[in-house]
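Undergrad: Before I ask anything, here is the structure I am working with.
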Amino acid sequence: MALDDRLVLGEIDAKGLVVQRWPMASIQALTAEAKAELFMQEERLAEAARELQIACSRWNEIGSPINAADARLSLAALLIRIGDRSGAELELGTALAVAKKVDSSRLKRCCDELRGLIAGAPAVAMGGA
C-alpha cells in the first residue's frame with residue numbers, strides 16, 4: 001500500500017471522525033466501502049469484511065437496496081477469497097433477492113458470476129476447532 005493510502009486510512013480511522021464529521025448514513029456507507037478497499041489492498045481481509053458489513057447496514061438504514069446489494073456482492077466476493085463459502089452464499093442469496101425484487105439485470109449477472117466462483121471454491125470451516 002502506498003504511503004498516501006496509509007495516510008488516508010489513518011485519517012478515516014481517526015476515532016469517530018466519519019460519524020462526527022459526516023453523520024449521514026450514505027456518507028458512512030461510502031466511507032466504509034472505501035476503507036474496505038484499502039484494507040483489502042493491505043490483505044487485512046477480516047477488517048475489510050467488517051467494513052463491508054457496516055456499509056450494508058448503513059445502506060439498509062436509508063432504504064437503498066441496490067447499494068446494499070452491491071456492498072453484499074463485494075462482501076460475498078471477499079468471503080469467497082477468505083474461504084467462508086457459507087457466508088458468501090448467505091450474502092449472495094440476499095443480494096439475489098434484491099436483484100429479483102428491483103429487476104436488475106446487472107445485479108443478477110453479478111450474482112451469477114459469484115455463484116460460479118462459490119461452486120469452484122473449496123469449503124472451509126470457519127471458527128472451528
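Identifiers in the C-alpha cells: chain A, B, ... in order shown; residue index from 1 per chain; ligand index from 1 in order shown.
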Report as a short mmCIF file (atom, residue, chain, number, x, y, z; two decimals) with C-alpha atoms, in the first residue's frame all protein, DNA and RNA residues lying within 9 Å of stretch 50-63 of chain A, evaluated on only C-alpha atoms, omitting residues in the same chain fewer than 4 positions from it.

TA:
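As written to disk, out39.cif reads:
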data_model
loop_
_atom_site.label_atom_id
_atom_site.label_comp_id
_atom_site.auth_asym_id
_atom_site.auth_seq_id
_atom_site.Cartn_x
_atom_site.Cartn_y
_atom_site.Cartn_z
CA ALA A 25 -25.61 7.10 6.70
CA SER A 26 -24.86 7.33 2.97
CA ILE A 27 -21.51 9.02 3.60
CA GLN A 28 -20.70 6.49 6.30
CA ALA A 29 -21.55 3.65 3.89
CA LEU A 30 -19.33 5.07 1.16
CA THR A 31 -16.52 5.63 3.65
CA ALA A 32 -16.84 2.05 4.92
CA GLU A 33 -16.62 0.77 1.34
CA ALA A 34 -13.52 2.89 0.71
CA LYS A 35 -11.92 1.60 3.92
CA ALA A 36 -12.71 -1.96 2.86
CA PHE A 39 -7.88 -2.92 3.86
CA LEU A 45 -9.33 -9.16 4.98
CA ALA A 46 -11.19 -9.54 8.28
CA ASN A 67 -26.35 -0.02 -2.96
CA ALA A 68 -26.78 -2.55 -0.15
CA ALA A 69 -26.83 -5.37 -2.71
CA ASP A 70 -23.64 -4.04 -4.33
CA ALA A 71 -21.94 -3.98 -0.93
CA ARG A 72 -23.20 -7.51 -0.23
CA SER A 74 -18.41 -7.18 -2.62
CA LEU A 75 -18.65 -8.87 0.76
#

Undergrad: For stretch 108-110 of chain A, please output as a PyMOL selection string all residues within 12 Å (counting only C-alpha atoms; exclusion window: fewer than 2 positions along the same chain).

TA: chain A and resi 66+69-74+76-77+92-106+112-117

Undergrad: Which of these residues is nearest to A:Gly87, using only C-alpha atoms: A:Glu47, A:Ile118, A:Met40, A:Met24?

TA: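 Ranked by minimum distance to A:Gly87, first place goes to A:Ile118.
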
Undergrad: Separation of atom CA of A:Glu43 and atom CA of A:Leu78, in Å?

TA: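 For atom CA of A:Glu43 relative to atom CA of A:Leu78, the distance reads 10.8 Å.
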
Undergrad: In Å, how far is it from atom CA of A:Ala49 to atom CA of A:Ala88?

TA: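 Going from atom CA of A:Ala49 over to atom CA of A:Ala88, I get 11.0 Å.
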